[in-house]
Every structure is written in structure tokens, then in C-alpha cells.
$ cat entry-v6.csv   # CSV, C-alpha atoms and all ligand atoms
chain,number,residue,atom,x,y,z
A,1,MET,CA,286.9,120.1,144.3
A,2,THR,CA,286.4,122.5,141.3
A,3,ASP,CA,288.3,122.7,138.1
A,4,ARG,CA,290.2,126.0,137.6
A,5,LEU,CA,293.4,123.9,136.9
A,6,ARG,CA,291.7,120.9,135.3
A,7,ASP,CA,294.2,118.6,133.4
A,8,LYS,CA,297.2,120.7,134.4
A,9,VAL,CA,300.4,119.4,136.0
A,10,ALA,CA,301.8,121.6,138.7
A,11,LEU,CA,305.5,121.2,139.8
A,12,VAL,CA,305.6,122.8,143.3
A,13,VAL,CA,309.1,123.3,144.6
A,14,GLY,CA,309.1,123.6,148.4
A,15,ALA,CA,305.8,121.9,148.7
A,16,GLY,CA,306.3,120.9,152.4
A,17,SER,CA,306.2,123.0,155.5
A,18,VAL,CA,309.0,123.6,158.0
A,19,GLY,CA,306.7,123.0,160.9
A,20,GLU,CA,303.2,121.8,161.9
A,21,GLY,CA,300.5,123.6,160.0
A,22,LEU,CA,300.3,125.2,156.7
A,23,GLY,CA,303.2,126.9,154.9
A,24,ASN,CA,302.7,128.9,151.7
A,25,GLY,CA,303.9,126.0,149.4
A,26,LYS,CA,301.9,123.4,151.1
A,27,ALA,CA,298.7,125.5,150.9
A,28,ALA,CA,299.4,126.2,147.2
A,29,ALA,CA,299.9,122.5,146.5
A,30,MET,CA,296.7,121.6,148.3
A,31,LEU,CA,294.7,124.4,146.6
A,32,PHE,CA,296.0,123.5,143.1
A,33,ALA,CA,295.0,119.9,143.7
A,34,ARG,CA,291.5,120.9,144.8
A,35,GLU,CA,291.2,122.8,141.5
A,36,GLY,CA,292.0,119.7,139.5
A,37,ALA,CA,295.8,119.9,139.0
A,38,LYS,CA,298.1,116.9,139.4
A,39,ILE,CA,300.8,117.8,141.9
A,40,PHE,CA,304.4,117.0,141.7
A,41,ALA,CA,305.4,118.0,145.2
A,42,VAL,CA,309.1,118.5,145.7
A,43,ASP,CA,311.0,119.2,148.9
A,44,VAL,CA,314.4,118.8,150.3
A,45,ASP,CA,312.6,117.2,153.3
A,46,SER,CA,310.9,114.1,152.0
A,47,ASP,CA,308.7,113.7,155.1
A,48,ALA,CA,307.4,117.3,154.6
A,49,ALA,CA,306.5,116.5,151.0
A,50,ALA,CA,304.9,113.2,152.1
A,51,GLU,CA,302.7,115.0,154.5
A,52,THR,CA,301.5,117.3,151.7
A,53,LYS,CA,300.8,114.3,149.5
A,54,ALA,CA,298.9,112.5,152.3
A,55,ILE,CA,296.6,115.6,152.8
A,56,ILE,CA,296.0,115.9,149.0
A,57,GLU,CA,295.2,112.3,148.6
A,58,CYS,CA,292.9,112.3,151.6
A,59,GLU,CA,291.0,115.1,149.9
A,60,GLY,CA,290.7,113.0,146.7
A,61,GLY,CA,293.5,114.7,144.7
A,62,ILE,CA,296.5,113.4,142.8
A,63,CYS,CA,300.0,114.0,144.1
A,64,ALA,CA,303.5,112.4,143.6
A,65,THR,CA,306.5,113.4,145.7
A,66,HIS,CA,310.1,113.8,145.0
A,67,GLN,CA,313.1,114.7,147.2
A,68,ALA,CA,315.4,117.4,145.7
A,69,ASP,CA,317.7,120.2,146.7
A,70,ALA,CA,316.6,123.1,144.6
A,71,THR,CA,320.0,124.8,145.0
A,72,SER,CA,321.7,122.0,143.1
A,73,ALA,CA,321.6,121.9,139.3
A,74,ALA,CA,321.9,118.1,139.1
A,75,SER,CA,319.1,117.7,141.7
A,76,VAL,CA,316.8,120.1,139.8
A,77,ALA,CA,317.5,118.4,136.4
A,78,ALA,CA,316.6,115.1,138.0
A,79,MET,CA,313.5,116.6,139.6
A,80,VAL,CA,312.2,117.8,136.2
A,81,ALA,CA,313.0,114.4,134.6
A,82,ALA,CA,311.1,112.7,137.4
A,83,CYS,CA,308.1,115.0,137.0
A,84,LEU,CA,308.0,114.3,133.2
A,85,ALA,CA,308.4,110.5,133.8
A,86,ARG,CA,305.4,110.6,136.2
A,87,PHE,CA,303.0,113.1,134.6
A,88,GLU,CA,304.5,113.7,131.1
A,89,ARG,CA,304.2,117.5,131.2
A,90,ILE,CA,304.6,120.6,133.3
A,91,ASP,CA,302.0,123.3,133.0
A,92,ILE,CA,302.7,125.2,136.2
A,93,LEU,CA,306.0,125.8,137.9
A,94,HIS,CA,305.5,127.1,141.4
A,95,ASN,CA,308.7,128.3,143.1
A,96,ASN,CA,308.2,128.6,146.8
A,97,VAL,CA,311.6,127.8,148.3
A,98,GLY,CA,313.1,130.7,150.2
A,99,GLY,CA,313.8,132.2,153.6
A,100,SER,CA,315.6,135.0,155.3
A,101,VAL,CA,318.7,135.2,157.5
A,102,PRO,CA,319.5,138.3,159.6
A,103,GLY,CA,322.4,140.5,158.9
A,104,GLY,CA,323.8,143.5,157.1
A,105,PRO,CA,326.9,143.6,154.9
A,106,VAL,CA,329.3,144.1,157.8
A,107,ASP,CA,328.1,141.5,160.2
A,108,MET,CA,327.0,138.8,157.7
A,109,GLY,CA,329.5,136.2,156.7
A,110,GLU,CA,330.2,135.6,153.0
A,111,GLU,CA,329.0,132.0,153.3
A,112,ALA,CA,325.7,133.1,154.8
A,113,TRP,CA,325.3,135.6,152.0
A,114,ASP,CA,326.0,133.1,149.3
A,115,ALA,CA,323.7,130.5,150.8
A,116,ASN,CA,320.8,132.9,151.1
A,117,ILE,CA,321.2,134.2,147.6
A,118,ASP,CA,321.3,130.6,146.4
A,119,LEU,CA,318.2,129.7,148.4
A,120,ASN,CA,316.1,132.6,147.2
A,121,LEU,CA,317.4,133.2,143.7
A,122,LYS,CA,319.5,130.4,142.3
A,123,THR,CA,316.7,127.9,143.1
A,124,VAL,CA,314.4,129.8,140.7
A,125,PHE,CA,317.1,130.3,138.1
A,126,LEU,CA,317.7,126.5,138.1
A,127,SER,CA,314.1,125.4,138.0
A,128,CYS,CA,313.4,127.9,135.1
A,129,LYS,CA,316.6,126.6,133.3
A,130,PHE,CA,315.2,123.0,133.2
A,131,VAL,CA,311.4,123.7,133.1
A,132,ILE,CA,311.2,126.4,130.4
A,133,PRO,CA,312.4,124.1,127.6
A,134,VAL,CA,309.6,121.7,128.5
A,135,MET,CA,307.0,124.5,128.5
A,136,GLU,CA,308.4,125.8,125.1
A,137,ARG,CA,307.9,122.3,123.6
A,138,GLN,CA,304.3,122.2,125.1
A,139,GLY,CA,303.5,125.6,123.7
A,140,GLY,CA,303.2,127.4,127.0
A,141,GLY,CA,303.0,127.3,130.8
A,142,ALA,CA,302.8,129.5,133.9
A,143,ILE,CA,305.6,130.2,136.3
A,144,VAL,CA,304.6,131.6,139.8
A,145,ASN,CA,307.4,132.8,142.0
A,146,ILE,CA,307.1,133.6,145.7
A,147,SER,CA,308.9,136.9,146.5
A,148,SER,CA,308.4,139.0,149.6
A,149,VAL,CA,307.6,142.6,150.6
A,150,ALA,CA,311.2,142.6,151.9
A,151,GLY,CA,312.1,142.8,148.3
A,152,LEU,CA,310.3,146.2,148.0
A,153,ARG,CA,310.6,147.8,151.5
A,154,SER,CA,312.6,147.8,154.7
A,155,MET,CA,310.4,147.2,157.7
A,156,GLY,CA,310.8,146.9,161.4
A,157,GLY,CA,314.3,148.2,161.5
A,158,ARG,CA,315.7,144.8,160.6
A,159,ALA,CA,318.7,144.2,158.4
A,160,MET,CA,318.5,141.1,156.2
A,161,VAL,CA,320.3,142.3,153.2
A,162,ALA,CA,320.7,139.0,151.4
A,163,TYR,CA,317.0,138.2,151.7
A,164,GLN,CA,316.0,141.8,150.7
A,165,ALA,CA,318.3,141.8,147.7
A,166,SER,CA,317.4,138.3,146.5
A,167,LYS,CA,313.6,138.8,146.8
A,168,ALA,CA,314.0,142.1,144.9
A,169,GLY,CA,316.1,140.3,142.3
A,170,LEU,CA,313.5,137.6,142.0
A,171,ILE,CA,310.9,140.2,141.0
A,172,GLN,CA,313.1,141.4,138.1
A,173,PHE,CA,314.2,137.9,137.2
A,174,SER,CA,310.6,136.9,136.9
A,175,ARG,CA,309.7,139.9,134.7
A,176,ALA,CA,312.7,139.3,132.5
A,177,VAL,CA,311.8,135.7,132.0
A,178,ALA,CA,308.2,136.8,131.2
A,179,ILE,CA,309.3,139.1,128.4
A,180,GLN,CA,311.8,136.7,126.9
A,181,TYR,CA,309.2,133.9,126.7
A,182,ALA,CA,306.0,135.9,126.1
A,183,LYS,CA,305.8,134.7,122.5
A,184,ALA,CA,306.3,131.1,123.6
A,185,GLY,CA,303.2,131.3,125.7
A,186,ILE,CA,305.0,131.2,129.0
A,187,ARG,CA,303.8,133.5,131.6
A,188,SER,CA,306.0,134.4,134.7
A,189,ASN,CA,304.7,136.4,137.7
A,190,CYS,CA,305.4,136.8,141.4
A,191,VAL,CA,303.2,136.7,144.4
A,192,VAL,CA,304.6,139.2,147.0
A,193,PRO,CA,303.5,138.2,150.4
A,194,GLY,CA,303.7,140.6,153.4
A,195,LEU,CA,303.8,139.3,157.0
A,196,MET,CA,302.2,135.9,157.0
A,197,ASN,CA,301.5,133.7,160.0
A,198,THR,CA,302.9,130.4,158.7
A,199,PRO,CA,304.8,127.7,160.6
A,200,LEU,CA,308.1,129.4,159.9
A,201,VAL,CA,307.3,132.1,162.4
A,202,ALA,CA,307.5,129.6,165.2
A,203,HIS,CA,310.1,127.5,163.5
A,204,ARG,CA,312.7,130.2,162.6
A,205,ILE,CA,311.6,133.8,162.8
A,206,VAL,CA,311.0,133.8,166.5
A,207,GLY,CA,314.6,132.7,167.1
A,208,GLN,CA,316.2,134.9,164.5
A,209,TYR,CA,314.4,138.2,165.2
A,210,GLY,CA,312.0,137.7,168.1
A,211,GLY,CA,314.3,136.8,171.0
A,212,GLY,CA,312.7,133.4,171.3
A,213,LYS,CA,309.3,134.8,172.5
A,214,LEU,CA,306.6,133.5,170.2
A,215,ALA,CA,303.6,135.3,171.5
A,216,GLU,CA,305.4,138.7,171.5
A,217,THR,CA,306.8,138.0,168.0
A,218,ILE,CA,303.3,137.3,166.7
A,219,ALA,CA,301.9,140.4,168.4
A,220,GLN,CA,304.6,142.5,167.0
A,221,ARG,CA,304.1,141.2,163.5
A,222,ASP,CA,300.3,141.6,163.8
A,223,ALA,CA,300.8,145.2,165.0
A,224,MET,CA,302.9,146.1,161.9
A,225,CYS,CA,300.0,145.2,159.6
A,226,PRO,CA,297.4,147.8,158.7
A,227,THR,CA,294.6,145.2,159.3
A,228,GLY,CA,296.1,144.4,162.8
A,229,LYS,CA,296.7,140.8,161.7
A,230,MET,CA,299.2,138.9,159.6
A,231,GLY,CA,297.8,137.0,156.6
A,232,ASP,CA,298.0,133.3,156.2
A,233,ALA,CA,299.2,130.7,153.7
A,234,TRP,CA,295.8,130.5,152.0
A,235,ASP,CA,296.0,134.2,151.1
A,236,VAL,CA,299.3,133.5,149.2
A,237,ALA,CA,297.9,130.3,147.7
A,238,TYR,CA,294.8,132.0,146.3
A,239,ALA,CA,296.9,134.6,144.5
A,240,ALA,CA,299.1,131.9,143.2
A,241,LEU,CA,296.1,129.9,142.0
A,242,TYR,CA,294.9,132.9,139.9
A,243,LEU,CA,298.3,133.5,138.3
A,244,ALA,CA,298.7,129.7,137.6
A,245,SER,CA,295.3,129.5,136.0
A,246,ASP,CA,294.1,130.4,132.5
A,247,GLU,CA,292.0,133.1,134.1
A,248,ALA,CA,295.4,135.0,134.1
A,249,LYS,CA,296.1,134.3,130.4
A,250,TYR,CA,297.0,137.9,129.7
A,251,VAL,CA,298.8,138.5,133.0
A,252,THR,CA,302.5,138.3,132.8
A,253,ALA,CA,305.7,140.1,134.0
A,254,THR,CA,303.9,141.4,137.1
A,255,GLU,CA,303.3,140.9,140.8
A,256,ILE,CA,300.3,140.5,143.1
A,257,LEU,CA,300.9,142.0,146.5
A,258,VAL,CA,299.3,139.9,149.3
A,259,ASP,CA,300.2,142.1,152.2
A,260,GLY,CA,297.0,143.5,153.8
A,261,GLY,CA,298.2,147.0,152.7
A,262,LEU,CA,301.6,146.8,154.4
A,263,THR,CA,303.6,148.1,151.5
A,264,ALA,CA,301.3,151.1,151.1
A,265,LYS,CA,301.9,152.1,154.8
A,266,CYS,CA,304.8,154.4,155.6
A,267,ASP,CA,304.9,154.7,159.4
A,301,LIG,N1,305.8,133.5,156.0
A,301,LIG,C1,306.1,134.7,155.7
A,301,LIG,O1,305.8,135.7,156.5
A,301,LIG,C2,306.6,135.0,154.3
A,301,LIG,C3,306.5,136.4,153.9
A,301,LIG,C4,307.0,136.7,152.7
A,301,LIG,C5,307.5,135.7,151.8
A,301,LIG,N2,307.6,134.4,152.3
A,301,LIG,C6,308.1,133.4,151.3
A,301,LIG,O2,307.3,132.3,151.3
A,301,LIG,C7,308.1,131.1,151.0
A,301,LIG,C8,308.1,130.1,152.0
A,301,LIG,O3,306.9,130.0,152.6
A,301,LIG,P1,306.5,128.7,153.4
A,301,LIG,O4,305.5,129.2,154.4
A,301,LIG,O5,306.0,127.6,152.5
A,301,LIG,O6,307.9,128.2,154.1
A,301,LIG,P2,308.3,126.8,154.6
A,301,LIG,O7,309.7,127.2,155.0
A,301,LIG,O8,307.4,126.3,155.6
A,301,LIG,O9,308.3,125.9,153.3
A,301,LIG,C9,309.3,125.9,152.4
A,301,LIG,C10,309.6,124.4,152.1
A,301,LIG,O10,310.8,124.5,151.2
A,301,LIG,C11,311.6,123.4,151.6
A,301,LIG,N3,313.0,123.7,151.2
A,301,LIG,C12,313.9,124.5,151.8
A,301,LIG,N4,315.0,124.5,151.2
A,301,LIG,C13,314.9,123.7,150.1
A,301,LIG,C14,315.7,123.3,149.0
A,301,LIG,N5,317.0,123.8,148.9
A,301,LIG,N6,315.2,122.5,148.1
A,301,LIG,C15,313.9,122.1,148.1
A,301,LIG,N7,313.1,122.4,149.1
A,301,LIG,C16,313.5,123.2,150.1
A,301,LIG,C17,311.5,123.3,153.1
A,301,LIG,O11,311.9,122.0,153.5
A,301,LIG,C18,310.0,123.6,153.3
A,301,LIG,O12,309.2,122.4,153.4
A,301,LIG,C19,309.5,131.6,150.9
A,301,LIG,O13,309.9,131.9,149.6
A,301,LIG,C20,309.5,132.9,151.8
A,301,LIG,O14,310.5,133.8,151.5
A,301,LIG,C21,307.1,134.1,153.5
$ encode --input "entry-v6.csv" --output "C-alpha cells"
Amino acid sequence: MTDRLRDKVALVVGAGSVGEGLGNGKAAAMLFAREGAKIFAVDVDSDAAAETKAIIECEGGICATHQADATSAASVAAMVAACLARFERIDILHNNVGGSVPGGPVDMGEEAWDANIDLNLKTVFLSCKFVIPVMERQGGGAIVNISSVAGLRSMGGRAMVAYQASKAGLIQFSRAVAIQYAKAGIRSNCVVPGLMNTPLVAHRIVGQYGGGKLAETIAQRDAMCPTGKMGDAWDVAYAALYLASDEAKYVTATEILVDGGLTAKCD
């Protein structure tokens, strides 16, 4: 354990993982704890948050859990109150909740569109709504949002317009918040992951886009990457750690691409 986040409290929203193994939010919570932060691990799935807590405590870290639906204002307000009741401050807000659904504007239903925009964008709007006043009172804080290369590029011939639009919107939301609150000492940045081999590949992506064939889906995703391999949750977590830490004290309103060069490739 080192101390890049010593004495900081990190509110990690979406700190569990949808399946066995390490998702981006779980890895970030673990890494933040290893670097000395106290973790308030929030998830809609309390078992998933409990698993993150168990790992962190097993490694000697500090973690409390809270069940919340990040798409609900009342639930997010209660989440922030519970974090303050437990740890008295919030230095880092890590917004990891998100996911894609397939479809273009013609074939996607209105409800699916609304739900996906809520999942990827409203969740961050709501957490910022309730956490920024806390950070203002404290004199600063760091917000780290998890976007996606799908917010920058179309890849693999797949339509997922709600995901693409919401992850693009998240980048500009994050920048706008950064500018509005720069003088308050609040930084806001995005990590923009490329194709990552996290549990959601087996849990959801293989069914949505891969015809149910996991090995083929992984091989296809690997082949799309310039390195020949997808990244993993640690790659995202280490970028988030930098943005969350005081090492990034002059870094705001920007993005770190963690994509193995995917976005720079045009074939
Ligand atoms: N894996 C990839 O290839 C990839 C690529 C680019 C971006 N991303 C982004 O990474 C993030 C997710 O990564 P992950 O690997 O941690 O995914 P994950 O789905 O394993 O973890 C997300 C967690 O959020 C929780 N959650 C879902 N809805 C919630 C809600 N309404 N309120 C509270 N919690 C909720 C889930 O229960 C889950 O534990 C998303 O924002 C996703 O868009 C992933």
C-alpha cells in the first residue's frame, strides 16, 4: 500500500462488477484503497459492492458500502448523505456507472433510449448535483468520469446510438463542470476506455453483439485493437488514479484515452 491518495475519501459509484472478475469500477475502488483512500463503494447491486469491500478489507484497506440507484435523484441524495455520515467528506467522485444497448434511431425503442441516456449521463448529472456543493464547502475535489471511445468514434459497424451520444455528451458535460468550478478547486476529467476485457464482455456484450459466442467475441475485439489485445480494468483504474490524485492538480477539463491506440487507427 502506498499513499498517492492518503487521507482522501473516494465515493465510487458503480463500485461492483456485473460478473466474476474485475470491472473498471471495482479495480478503481481497489486501487484507490491501496493508495490510501477511504472508499465509499456504491452499487445498485449490494452483493457486488460487498464483494469489492471484502477484497479491499482483505488487503488492509478501508471501505464502506451503500446500495443506491444512481439514476434516481432521491437515491443519489441519500448516497451522498450516507457517505458524509460515514467519512465526513468527499474528495474524489468516481462515476463508473454505464453501459451500452444496441440500436439505431429507427429500431431502438423510446424507452430503451431514455434508459440508456439515464444510465450513462443522468447518473453523472445527479452525482455532480449532490457532490459538488460538498466539494465547494471543502475547497475542492476531483471528479473522474468514465466515458468510452464510442463517444468519439464509430467502430465495428455497430449502431448503439444512445451509448455513443451519451458517452460523447459525458465528455462535454465533464468539461463544462470543470470550467464552471475551476475557481472552486474542483477538477473534472474523463477516462476514455477503448475495448477492455472486463466481466461485462461475457455478461452482456457477447449476447448483445457477439451472437452468444464468447471466444469469437473476445477474438474479434482483440483483433480490432492495434496491440492485438483488449486492455483490462487496471488500465482504466491507473488513469483514474492519476486524475483523482493531487499529481493531476493542474489537469482539468480533459480526457485520458486508455485505448491501446484504437482511436488513432482508421481501418
Ligand atoms: N468494458 C469495456 O470494454 C468498456 C469500454 C469503454 C467504457 N466502459 C465503461 O466502463 C464502465 C463500466 O465498467 P465496469 O467494467 O466497471 O462495468 P460493470 O458493469 O461490471 O460495473 C458497473 C457496476 O455499476 C453497477 N450499476 C449499474 N447500474 C447502476 C445504477 N443505476 N446505480 C448504481 N450502480 C449501478 C452495476 O451493478 C455494476 O456493479 C461503464 O461506464 C462503461 O460504459 C467499458
$ residues_near_ligand --input "entry-v6.csv" --ligand "ligand LIG 301 (chain A)" --cutoff "8 Å" --atoms "all atoms listed in the file" --output "ChimeraX atom specification"
/A:13-19,22-27,42-45,48-49,67-72,95-100,119-120,123,146-150,163,167,192-201,230,232-233
$ closest_residue --input "entry-v6.csv" --among "A:Ala244, A:Ile205, A:Ala85, A:Val258" --to "Gly231 of chain A" --atoms "only C-alpha atoms"
A:Val258
$ axis_aligned_box --input "entry-v6.csv" --around "segment 151-166 of chain A" --padding-each-side "6 Å" --output "JSON"
{"center_x": 315.5, "center_y": 143.2, "center_z": 154.0, "size_x": 22.4, "size_y": 22.0, "size_z": 27.0}
$ atom_distance --input "entry-v6.csv" --atom1 "atom CA of Gly139 of chain A" --atom2 "atom CA of Val76 of chain A"
21.6 Å
$ atom_distance --input "entry-v6.csv" --atom1 "atom CA of Glu59 of chain A" --atom2 "atom CA of Ile256 of chain A"
27.9 Å
$ closest_residue --input "entry-v6.csv" --among "A:Leu126, A:Met155, A:Met108, A:Ala178" --to "Gly140 of chain A" --atoms "all atoms listed in the file"
A:Ala178
$ residues_around --input "entry-v6.csv" --residues "Arg187 of chain A" --least-positions-apart "3" --cutoff "7 Å" --atoms "all atoms listed in the file" --output "PyMOL selection string"
chain A and resi 141-143+178+182+252
$ atom_distance --input "entry-v6.csv" --atom1 "atom CA of Ser127 of chain A" --atom2 "atom CA of Ile90 of chain A"
11.6 Å
$ closest_residue --input "entry-v6.csv" --among "A:Arg204, A:Phe130, A:Ala54, A:Asp114" --to "Ala82 of chain A" --atoms "all atoms listed in the file"
A:Phe130
